[in-house]
>>> print(open('work31.pdb').read())   # PDB, C-alpha atoms, pLDDT in the B column
ATOM      1  CA  MET A1312      72.702 269.013  44.766  1.00 65.00           C
ATOM      2  CA  GLY A1313      72.737 268.163  41.057  1.00 67.00           C
ATOM      3  CA  ASP A1314      75.242 270.931  40.291  1.00 63.00           C
ATOM      4  CA  VAL A1315      77.517 269.652  43.050  1.00 75.00           C
ATOM      5  CA  LEU A1316      77.454 266.041  41.884  1.00 73.00           C
ATOM      6  CA  SER A1317      77.838 266.988  38.225  1.00 73.00           C
ATOM      7  CA  SER A1318      81.277 268.414  39.068  1.00 73.00           C
ATOM      8  CA  TYR A1319      82.580 264.909  39.709  1.00 77.00           C
ATOM      9  CA  GLU A1320      85.723 265.535  37.625  1.00 87.00           C
ATOM     10  CA  GLN A1321      86.770 268.288  40.009  1.00 89.00           C
ATOM     11  CA  TRP A1322      86.038 266.042  42.986  1.00 88.00           C
ATOM     12  CA  LEU A1323      88.128 263.236  41.508  1.00 91.00           C
ATOM     13  CA  LYS A1324      91.066 265.560  40.808  1.00 92.00           C
ATOM     14  CA  GLY A1325      90.873 266.987  44.317  1.00 92.00           C
ATOM     15  CA  ALA A1326      90.669 263.529  45.867  1.00 92.00           C
ATOM     16  CA  TRP A1327      93.647 262.342  43.806  1.00 93.00           C
ATOM     17  CA  LEU A1328      95.743 265.312  44.944  1.00 94.00           C
ATOM     18  CA  THR A1329      94.755 264.680  48.568  1.00 94.00           C
ATOM     19  CA  PHE A1330      95.716 261.028  48.178  1.00 92.00           C
ATOM     20  CA  GLN A1331      99.067 261.947  46.596  1.00 94.00           C
ATOM     21  CA  LEU A1332      99.870 264.363  49.405  1.00 95.00           C
ATOM     22  CA  THR A1333      98.991 261.680  51.953  1.00 95.00           C
ATOM     23  CA  ILE A1334     101.250 259.084  50.316  1.00 94.00           C
ATOM     24  CA  TYR A1335     104.207 261.401  49.719  1.00 96.00           C
ATOM     25  CA  GLY A1336     103.931 263.110  53.109  1.00 95.00           C
ATOM     26  CA  GLY A1337     103.437 259.768  54.845  1.00 94.00           C
ATOM     27  CA  GLY A1338     106.495 258.311  53.122  1.00 95.00           C
ATOM     28  CA  LEU A1339     108.655 261.230  54.219  1.00 96.00           C
ATOM     29  CA  ALA A1340     107.230 261.064  57.738  1.00 95.00           C
ATOM     30  CA  LEU A1341     107.962 257.319  57.954  1.00 94.00           C
ATOM     31  CA  VAL A1342     111.604 257.764  56.923  1.00 95.00           C
ATOM     32  CA  LEU A1343     112.113 260.634  59.361  1.00 96.00           C
ATOM     33  CA  ALA A1344     110.331 258.742  62.138  1.00 95.00           C
ATOM     34  CA  LEU A1345     112.583 255.702  61.730  1.00 93.00           C
ATOM     35  CA  VAL A1346     115.794 257.736  61.530  1.00 93.00           C
ATOM     36  CA  PHE A1347     115.119 260.052  64.455  1.00 94.00           C
ATOM     37  CA  GLY A1348     113.176 257.472  66.466  1.00 92.00           C
ATOM     38  CA  LEU A1349     116.111 255.072  66.382  1.00 90.00           C
ATOM     39  CA  ALA A1350     118.408 257.992  67.188  1.00 91.00           C
ATOM     40  CA  GLY A1351     116.373 258.446  70.365  1.00 90.00           C
ATOM     41  CA  THR A1352     117.284 254.911  71.475  1.00 87.00           C
ATOM     42  CA  SER A1353     121.013 255.428  70.931  1.00 85.00           C
ATOM     43  CA  ARG A1354     123.489 255.046  73.776  1.00 86.00           C
ATOM     44  CA  HIS A1355     125.341 258.131  72.524  1.00 88.00           C
ATOM     45  CA  ALA A1356     124.153 261.391  74.058  1.00 91.00           C
ATOM     46  CA  PRO A1357     124.815 263.614  70.980  1.00 91.00           C
ATOM     47  CA  VAL A1358     122.628 261.324  68.844  1.00 92.00           C
ATOM     48  CA  ARG A1359     119.831 261.454  71.416  1.00 92.00           C
ATOM     49  CA  VAL A1360     120.129 265.250  71.509  1.00 94.00           C
ATOM     50  CA  LEU A1361     119.653 265.295  67.726  1.00 93.00           C
ATOM     51  CA  ASN A1362     116.427 263.347  68.224  1.00 93.00           C
ATOM     52  CA  ARG A1363     115.132 265.757  70.843  1.00 94.00           C
ATOM     53  CA  VAL A1364     115.926 268.849  68.756  1.00 95.00           C
ATOM     54  CA  TYR A1365     114.048 267.494  65.745  1.00 95.00           C
ATOM     55  CA  VAL A1366     111.074 266.184  67.719  1.00 94.00           C
ATOM     56  CA  GLU A1367     110.585 269.234  69.913  1.00 94.00           C
ATOM     57  CA  PHE A1368     111.014 271.756  67.103  1.00 95.00           C
ATOM     58  CA  PHE A1369     108.734 270.218  64.495  1.00 94.00           C
ATOM     59  CA  ARG A1370     106.217 268.825  66.977  1.00 91.00           C
ATOM     60  CA  GLY A1371     106.004 272.253  68.578  1.00 92.00           C
ATOM     61  CA  ASN A1372     105.202 274.087  65.341  1.00 92.00           C
ATOM     62  CA  ALA A1373     101.904 274.123  63.484  1.00 92.00           C
ATOM     63  CA  THR A1374     101.835 272.486  60.059  1.00 93.00           C
ATOM     64  CA  LEU A1375     100.258 275.630  58.610  1.00 93.00           C
ATOM     65  CA  VAL A1376     103.143 277.778  59.845  1.00 94.00           C
ATOM     66  CA  LEU A1377     105.649 275.331  58.339  1.00 94.00           C
ATOM     67  CA  LEU A1378     103.773 275.454  55.036  1.00 95.00           C
ATOM     68  CA  PHE A1379     103.851 279.264  54.998  1.00 94.00           C
ATOM     69  CA  TRP A1380     107.542 279.190  55.871  1.00 94.00           C
ATOM     70  CA  PHE A1381     108.486 276.838  53.040  1.00 94.00           C
ATOM     71  CA  PHE A1382     106.214 278.376  50.411  1.00 93.00           C
ATOM     72  CA  TYR A1383     106.174 282.090  51.242  1.00 93.00           C
ATOM     73  CA  ALA A1384     109.151 282.901  53.474  1.00 94.00           C
ATOM     74  CA  LEU A1385     112.036 280.859  52.034  1.00 92.00           C
ATOM     75  CA  PRO A1386     111.630 282.293  48.498  1.00 91.00           C
ATOM     76  CA  LEU A1387     112.542 285.689  49.965  1.00 92.00           C
ATOM     77  CA  ILE A1388     116.027 284.331  50.707  1.00 90.00           C
ATOM     78  CA  GLY A1389     116.380 282.527  47.400  1.00 88.00           C
ATOM     79  CA  LEU A1390     114.952 279.067  48.205  1.00 90.00           C
ATOM     80  CA  ARG A1391     111.929 278.295  46.047  1.00 91.00           C
ATOM     81  CA  PHE A1392     109.831 275.156  46.284  1.00 92.00           C
ATOM     82  CA  THR A1393     106.887 274.026  44.204  1.00 93.00           C
ATOM     83  CA  PRO A1394     103.550 274.046  46.071  1.00 93.00           C
ATOM     84  CA  MET A1395     103.496 270.236  46.153  1.00 95.00           C
ATOM     85  CA  PHE A1396     107.052 269.976  47.501  1.00 95.00           C
ATOM     86  CA  ALA A1397     106.423 272.635  50.159  1.00 95.00           C
ATOM     87  CA  ALA A1398     103.230 270.883  51.271  1.00 95.00           C
ATOM     88  CA  VAL A1399     104.913 267.461  51.467  1.00 96.00           C
ATOM     89  CA  LEU A1400     107.792 268.929  53.473  1.00 95.00           C
ATOM     90  CA  ALA A1401     105.479 270.646  55.953  1.00 95.00           C
ATOM     91  CA  LEU A1402     103.284 267.579  56.439  1.00 96.00           C
ATOM     92  CA  GLY A1403     106.130 265.068  56.533  1.00 96.00           C
ATOM     93  CA  LEU A1404     108.329 266.998  58.951  1.00 96.00           C
ATOM     94  CA  ASN A1405     105.473 267.646  61.367  1.00 95.00           C
ATOM     95  CA  VAL A1406     103.997 264.138  61.407  1.00 95.00           C
ATOM     96  CA  GLY A1407     107.472 262.573  61.321  1.00 95.00           C
ATOM     97  CA  ALA A1408     108.226 264.225  64.668  1.00 95.00           C
ATOM     98  CA  TYR A1409     105.244 262.479  66.243  1.00 95.00           C
ATOM     99  CA  GLY A1410     106.211 259.239  64.497  1.00 95.00           C
ATOM    100  CA  ALA A1411     109.740 259.450  65.896  1.00 94.00           C
ATOM    101  CA  GLU A1412     108.318 259.270  69.399  1.00 93.00           C
ATOM    102  CA  VAL A1413     106.234 256.256  68.376  1.00 93.00           C
ATOM    103  CA  VAL A1414     109.351 254.492  67.075  1.00 92.00           C
ATOM    104  CA  ARG A1415     111.410 255.337  70.152  1.00 91.00           C
ATOM    105  CA  GLY A1416     108.695 254.183  72.526  1.00 90.00           C
ATOM    106  CA  SER A1417     108.029 250.970  70.568  1.00 89.00           C
ATOM    107  CA  VAL A1418     111.697 249.959  70.517  1.00 88.00           C
ATOM    108  CA  ASN A1419     112.018 250.655  74.230  1.00 87.00           C
ATOM    109  CA  ALA A1420     108.853 248.609  74.843  1.00 86.00           C
ATOM    110  CA  VAL A1421     110.414 245.396  73.508  1.00 83.00           C
ATOM    111  CA  PRO A1422     111.037 243.138  76.552  1.00 83.00           C
ATOM    112  CA  LYS A1423     114.499 243.540  78.019  1.00 81.00           C
ATOM    113  CA  ALA A1424     114.985 239.769  77.882  1.00 82.00           C
ATOM    114  CA  GLN A1425     115.001 239.988  74.079  1.00 80.00           C
ATOM    115  CA  TYR A1426     117.872 242.450  74.164  1.00 75.00           C
ATOM    116  CA  GLU A1427     119.779 240.350  76.686  1.00 79.00           C
ATOM    117  CA  ALA A1428     119.341 237.300  74.456  1.00 82.00           C
ATOM    118  CA  THR A1429     120.896 239.135  71.502  1.00 79.00           C
ATOM    119  CA  VAL A1430     123.850 240.099  73.676  1.00 78.00           C
ATOM    120  CA  ALA A1431     124.257 236.482  74.788  1.00 82.00           C
ATOM    121  CA  LEU A1432     124.258 235.409  71.129  1.00 80.00           C
ATOM    122  CA  ASN A1433     127.008 237.964  70.430  1.00 78.00           C
ATOM    123  CA  PHE A1434     124.937 239.923  67.897  1.00 81.00           C
ATOM    124  CA  THR A1435     126.313 243.236  66.715  1.00 79.00           C
ATOM    125  CA  PRO A1436     124.186 246.316  67.526  1.00 76.00           C
ATOM    126  CA  PHE A1437     122.996 246.379  63.904  1.00 79.00           C
ATOM    127  CA  GLN A1438     122.031 242.701  64.007  1.00 81.00           C
ATOM    128  CA  ARG A1439     120.192 243.178  67.295  1.00 80.00           C
ATOM    129  CA  MET A1440     118.108 245.974  65.848  1.00 80.00           C
ATOM    130  CA  ARG A1441     117.462 244.446  62.413  1.00 79.00           C
ATOM    131  CA  ARG A1442     116.795 240.836  63.403  1.00 80.00           C
ATOM    132  CA  VAL A1443     115.168 241.041  66.813  1.00 81.00           C
ATOM    133  CA  LEU A1444     114.237 244.447  68.217  1.00 82.00           C
ATOM    134  CA  LEU A1445     112.905 246.303  65.177  1.00 83.00           C
ATOM    135  CA  PRO A1446     110.610 243.514  63.875  1.00 81.00           C
ATOM    136  CA  GLN A1447     108.924 243.227  67.264  1.00 82.00           C
ATOM    137  CA  ALA A1448     108.765 246.993  67.701  1.00 85.00           C
ATOM    138  CA  PHE A1449     107.252 247.373  64.233  1.00 84.00           C
ATOM    139  CA  ALA A1450     104.185 245.423  65.333  1.00 83.00           C
ATOM    140  CA  LEU A1451     103.734 247.941  68.159  1.00 86.00           C
ATOM    141  CA  MET A1452     104.222 250.898  65.816  1.00 89.00           C
ATOM    142  CA  LEU A1453     101.529 250.040  63.291  1.00 87.00           C
ATOM    143  CA  PRO A1454      98.373 251.072  65.213  1.00 88.00           C
ATOM    144  CA  PRO A1455      99.678 254.540  66.169  1.00 91.00           C
ATOM    145  CA  PHE A1456     101.177 254.940  62.692  1.00 92.00           C
ATOM    146  CA  GLY A1457      97.702 254.282  61.308  1.00 90.00           C
ATOM    147  CA  ASN A1458      96.346 257.131  63.408  1.00 92.00           C
ATOM    148  CA  LEU A1459      99.145 259.433  62.277  1.00 93.00           C
ATOM    149  CA  ILE A1460      98.619 258.754  58.567  1.00 94.00           C
ATOM    150  CA  ILE A1461      94.919 259.579  58.939  1.00 93.00           C
ATOM    151  CA  GLU A1462      95.802 262.764  60.815  1.00 93.00           C
ATOM    152  CA  LEU A1463      98.215 263.632  58.014  1.00 95.00           C
ATOM    153  CA  MET A1464      95.491 263.061  55.426  1.00 94.00           C
ATOM    154  CA  LYS A1465      93.161 265.420  57.282  1.00 92.00           C
ATOM    155  CA  GLY A1466      95.997 267.922  57.604  1.00 92.00           C
ATOM    156  CA  THR A1467      96.205 268.181  53.821  1.00 93.00           C
ATOM    157  CA  ALA A1468      93.152 270.456  54.019  1.00 92.00           C
ATOM    158  CA  ILE A1469      95.517 273.400  54.572  1.00 92.00           C
ATOM    159  CA  VAL A1470      97.384 273.031  51.276  1.00 93.00           C
ATOM    160  CA  SER A1471      94.848 275.133  49.405  1.00 90.00           C
ATOM    161  CA  LEU A1472      96.554 278.105  51.086  1.00 91.00           C
ATOM    162  CA  ALA A1473      99.618 277.262  48.969  1.00 90.00           C
ATOM    163  CA  THR A1474      97.576 277.354  45.721  1.00 89.00           C
ATOM    164  CA  LEU A1475      96.980 273.577  45.563  1.00 91.00           C
ATOM    165  CA  VAL A1476      93.496 272.449  44.540  1.00 90.00           C
ATOM    166  CA  ASP A1477      92.784 269.635  46.980  1.00 91.00           C
ATOM    167  CA  LEU A1478      89.399 268.369  48.189  1.00 91.00           C
ATOM    168  CA  THR A1479      88.861 271.309  50.510  1.00 92.00           C
ATOM    169  CA  ARG A1480      89.653 273.828  47.765  1.00 92.00           C
ATOM    170  CA  VAL A1481      87.342 271.996  45.352  1.00 91.00           C
ATOM    171  CA  SER A1482      84.488 272.113  47.869  1.00 90.00           C
ATOM    172  CA  LYS A1483      84.954 275.869  48.291  1.00 91.00           C
ATOM    173  CA  ASN A1484      85.114 276.414  44.531  1.00 88.00           C
ATOM    174  CA  ILE A1485      81.941 274.422  43.905  1.00 88.00           C
ATOM    175  CA  GLN A1486      80.168 276.065  46.828  1.00 86.00           C
ATOM    176  CA  GLY A1487      81.040 279.489  45.396  1.00 84.00           C
ATOM    177  CA  SER A1488      79.922 278.654  41.867  1.00 82.00           C
ATOM    178  CA  SER A1489      76.724 276.745  42.733  1.00 79.00           C
ATOM    179  CA  GLY A1490      75.699 278.426  45.973  1.00 81.00           C
ATOM    180  CA  GLU A1491      74.902 274.992  47.469  1.00 82.00           C
ATOM    181  CA  THR A1492      76.866 275.190  50.701  1.00 85.00           C
ATOM    182  CA  VAL A1493      75.345 272.216  52.524  1.00 88.00           C
ATOM    183  CA  ALA A1494      75.649 269.877  49.534  1.00 86.00           C
ATOM    184  CA  ALA A1495      79.250 270.872  48.690  1.00 87.00           C
ATOM    185  CA  PHE A1496      80.562 270.427  52.200  1.00 89.00           C
ATOM    186  CA  SER A1497      78.549 267.248  52.717  1.00 91.00           C
ATOM    187  CA  VAL A1498      80.233 265.672  49.710  1.00 90.00           C
ATOM    188  CA  VAL A1499      83.702 266.623  50.922  1.00 91.00           C
ATOM    189  CA  LEU A1500      82.907 265.166  54.354  1.00 93.00           C
ATOM    190  CA  VAL A1501      81.977 261.853  52.758  1.00 92.00           C
ATOM    191  CA  LEU A1502      85.083 261.812  50.546  1.00 92.00           C
ATOM    192  CA  TYR A1503      87.440 262.461  53.471  1.00 94.00           C
ATOM    193  CA  PHE A1504      85.693 259.688  55.409  1.00 94.00           C
ATOM    194  CA  ILE A1505      86.097 257.236  52.509  1.00 93.00           C
ATOM    195  CA  ILE A1506      89.816 258.003  52.146  1.00 92.00           C
ATOM    196  CA  ALA A1507      90.300 257.580  55.913  1.00 92.00           C
ATOM    197  CA  GLN A1508      88.590 254.194  55.822  1.00 93.00           C
ATOM    198  CA  VAL A1509      90.757 253.023  52.916  1.00 92.00           C
ATOM    199  CA  LEU A1510      93.871 254.035  54.835  1.00 91.00           C
ATOM    200  CA  GLN A1511      92.598 252.273  57.947  1.00 91.00           C
ATOM    201  CA  LEU A1512      91.964 249.066  55.989  1.00 91.00           C
ATOM    202  CA  CYS A1513      95.519 249.180  54.642  1.00 90.00           C
ATOM    203  CA  VAL A1514      96.912 249.552  58.158  1.00 88.00           C
ATOM    204  CA  ARG A1515      94.765 246.664  59.447  1.00 89.00           C
ATOM    205  CA  TYR A1516      95.994 244.498  56.571  1.00 88.00           C
ATOM    206  CA  ALA A1517      99.611 245.375  57.412  1.00 85.00           C
ATOM    207  CA  GLU A1518      98.967 244.516  61.073  1.00 83.00           C
ATOM    208  CA  ARG A1519      97.677 241.061  60.132  1.00 85.00           C
ATOM    209  CA  ARG A1520     100.675 240.434  57.877  1.00 83.00           C
ATOM    210  CA  VAL A1521     103.128 241.418  60.595  1.00 78.00           C
ATOM    211  CA  ASP A1522     101.300 239.274  63.155  1.00 76.00           C
ATOM    212  CA  ARG A1523     101.545 236.267  60.863  1.00 80.00           C
ATOM    213  CA  MET A1524     105.237 236.882  60.185  1.00 75.00           C
ATOM    214  CA  LEU A1525     105.945 237.081  63.895  1.00 70.00           C
ATOM    215  CA  GLY A1526     103.840 233.994  64.574  1.00 68.00           C
ATOM    216  CA  ARG A1527     101.354 235.884  66.692  1.00 54.00           C
ATOM    217  CA  SER A1528      97.695 234.960  66.653  1.00 44.00           C
ATOM    218  CA  LEU A1529      95.116 237.696  66.470  1.00 41.00           C
ATOM    219  CA  PRO A1530      92.716 237.898  69.411  1.00 43.00           C
ATOM    220  CA  SER A1531      89.372 236.273  68.741  1.00 41.00           C
ATOM    221  CA  GLU A1532      86.006 236.480  70.414  1.00 39.00           C
ATOM    222  CA  PRO A1533      85.616 233.809  73.121  1.00 43.00           C
ATOM    223  CA  SER A1534      83.062 231.125  72.390  1.00 39.00           C
ATOM    224  CA  LEU A1535      80.212 230.351  74.749  1.00 38.00           C
ATOM    225  CA  GLY A1536      81.819 227.018  75.563  1.00 40.00           C
ATOM    226  CA  THR A1537      85.063 228.719  76.539  1.00 39.00           C
ATOM    227  CA  VAL A1538      83.270 231.223  78.701  1.00 35.00           C
ATOM    228  CA  ALA A1539      81.265 228.467  80.392  1.00 39.00           C
ATOM    229  CA  ALA A1540      84.366 226.366  80.991  1.00 42.00           C
ATOM    230  CA  GLY A1541      86.162 229.314  82.550  1.00 44.00           C
ATOM    231  CA  SER A1542      83.296 230.449  84.756  1.00 41.00           C
ATOM    232  CA  PRO A1543      83.632 230.064  88.539  1.00 41.00           C
ATOM    233  CA  GLY A1544      80.921 227.440  88.655  1.00 44.00           C
ATOM    234  CA  ALA A1545      82.218 225.343  85.779  1.00 43.00           C
ATOM    235  CA  GLY A1546      82.976 221.763  86.692  1.00 44.00           C
ATOM    236  CA  VAL A1547      81.226 222.026  90.044  1.00 40.00           C
ATOM    237  CA  SER A1548      78.562 219.361  90.411  1.00 40.00           C
ATOM    238  CA  GLY A1549      75.432 219.945  92.377  1.00 38.00           C
TER     239      GLY A1549
END
>>> encode(input="work31.pdb", output="structure tokens")
Amino acid sequence: MGDVLSSYEQWLKGAWLTFQLTIYGGGLALVLALVFGLAGTSRHAPVRVLNRVYVEFFRGNATLVLLFWFFYALPLIGLRFTPMFAAVLALGLNVGAYGAEVVRGSVNAVPKAQYEATVALNFTPFQRMRRVLLPQAFALMLPPFGNLIIELMKGTAIVSLATLVDLTRVSKNIQGSSGETVAAFSVVLVLYFIIAQVLQLCVRYAERRVDRMLGRSLPSEPSLGTVAAGSPGAGVSG
């Protein structure tokens, strides 16, 4: 165990690369999710078709296959990407397809009365989306987006196959050099868990901020007095 822990510099470098891939891939996925998710809510059929093509293609392909395609196949036809760029593309395109469905569903979940009110106020389609529909839909998007960013972070474990030294690659290197298999993979388990918890805390913080901006109160645990007052026998004298 001592040999594993003494390689903390390698662990830190691997964790930093994993974090970078998560941020860059998540940023790309968010942009693609918003663009193609909103395209899925369009009244124009060709725009909706564009959404379906993107979602079905990239959601239907494994991230590992996309990574191999960008890093190993495209150079054969003259398109060369750095390992980092290929990994970000593969992760972002795949997770962005799932995110696009989250965006489309969240926008469609906004009560129809809100849309009718924007029409009555003579808002333009852009004003309807920017001022009313998208802010409310964004509050619905955050929880599933939190799940997707954690899934993306865990998906970075494949990037070692494109020569990147992430946490998974570091654990294999240390396991090979020290022979301590249990210790090496136990450390990487803990590090992935810590990163996931940090991401989850960030998402929870964003949820609270959005709730406050929209004037929504977070649900709280009912007090004993509230429960007693709402019980069937409350207020009934003997």
>>> closest_residue(input="work31.pdb", among="A:Leu1453, A:Gln1486, A:Arg1415, A:Leu1475", to="Asp1522 of chain A", atoms="only C-alpha atoms")
A:Leu1453
>>> closest_residue(input="work31.pdb", among="A:Val1376, A:Val1315, A:Val1476, A:Ile1506", to="Ala1401 of chain A", atoms="all atoms listed in the file")
A:Val1376
>>> resolve_selection(input="work31.pdb", expression="the PyMOL selection byres ((chain A and resi 1439-1441) around 10)", output="ChimeraX atom specification")
/A:1349,1418,1425-1430,1432-1438,1442-1448
>>> write_last_selection(input="work31.pdb", atoms="C-alpha atoms", output="PDB file, in the coordinates of the input")
ATOM      1  CA  LEU A1349     116.111 255.072  66.382  1.00 90.00           C
ATOM      2  CA  VAL A1418     111.697 249.959  70.517  1.00 88.00           C
ATOM      3  CA  GLN A1425     115.001 239.988  74.079  1.00 80.00           C
ATOM      4  CA  TYR A1426     117.872 242.450  74.164  1.00 75.00           C
ATOM      5  CA  GLU A1427     119.779 240.350  76.686  1.00 79.00           C
ATOM      6  CA  ALA A1428     119.341 237.300  74.456  1.00 82.00           C
ATOM      7  CA  THR A1429     120.896 239.135  71.502  1.00 79.00           C
ATOM      8  CA  VAL A1430     123.850 240.099  73.676  1.00 78.00           C
ATOM      9  CA  LEU A1432     124.258 235.409  71.129  1.00 80.00           C
ATOM     10  CA  ASN A1433     127.008 237.964  70.430  1.00 78.00           C
ATOM     11  CA  PHE A1434     124.937 239.923  67.897  1.00 81.00           C
ATOM     12  CA  THR A1435     126.313 243.236  66.715  1.00 79.00           C
ATOM     13  CA  PRO A1436     124.186 246.316  67.526  1.00 76.00           C
ATOM     14  CA  PHE A1437     122.996 246.379  63.904  1.00 79.00           C
ATOM     15  CA  GLN A1438     122.031 242.701  64.007  1.00 81.00           C
ATOM     16  CA  ARG A1442     116.795 240.836  63.403  1.00 80.00           C
ATOM     17  CA  VAL A1443     115.168 241.041  66.813  1.00 81.00           C
ATOM     18  CA  LEU A1444     114.237 244.447  68.217  1.00 82.00           C
ATOM     19  CA  LEU A1445     112.905 246.303  65.177  1.00 83.00           C
ATOM     20  CA  PRO A1446     110.610 243.514  63.875  1.00 81.00           C
ATOM     21  CA  GLN A1447     108.924 243.227  67.264  1.00 82.00           C
ATOM     22  CA  ALA A1448     108.765 246.993  67.701  1.00 85.00           C
TER      23      ALA A1448
END
>>> residues_around(input="work31.pdb", residues="Ala1373 of chain A", least_positions_apart="6", cutoff="12 Å", atoms="only C-alpha atoms", output="PyMOL selection string")
chain A and resi 1367+1379-1380+1401-1402+1404-1406+1408+1466+1469
>>> residues_near_point(input="work31.pdb", point="(102.2, 240.1, 62.3)", cutoff="12 Å", atoms="all atoms listed in the file", output="PyMOL selection string")
chain A and resi 1446-1454+1514-1529
>>> closest_residue(input="work31.pdb", among="A:Tyr1409, A:Tyr1335, A:Tyr1365, A:Phe1496", to="Glu1462 of chain A", atoms="only C-alpha atoms")
A:Tyr1409
>>> closest_residue(input="work31.pdb", among="A:Asn1362, A:Gln1331, A:Thr1479, A:Ser1471", to="Val1501 of chain A", atoms="only C-alpha atoms")
A:Thr1479
>>> axis_aligned_box(input="work31.pdb", around="segment 1434-1437 of chain A", padding_each_side="8 Å", output="JSON")
{"center_x": 124.7, "center_y": 243.2, "center_z": 65.9, "size_x": 19.3, "size_y": 22.5, "size_z": 20.0}
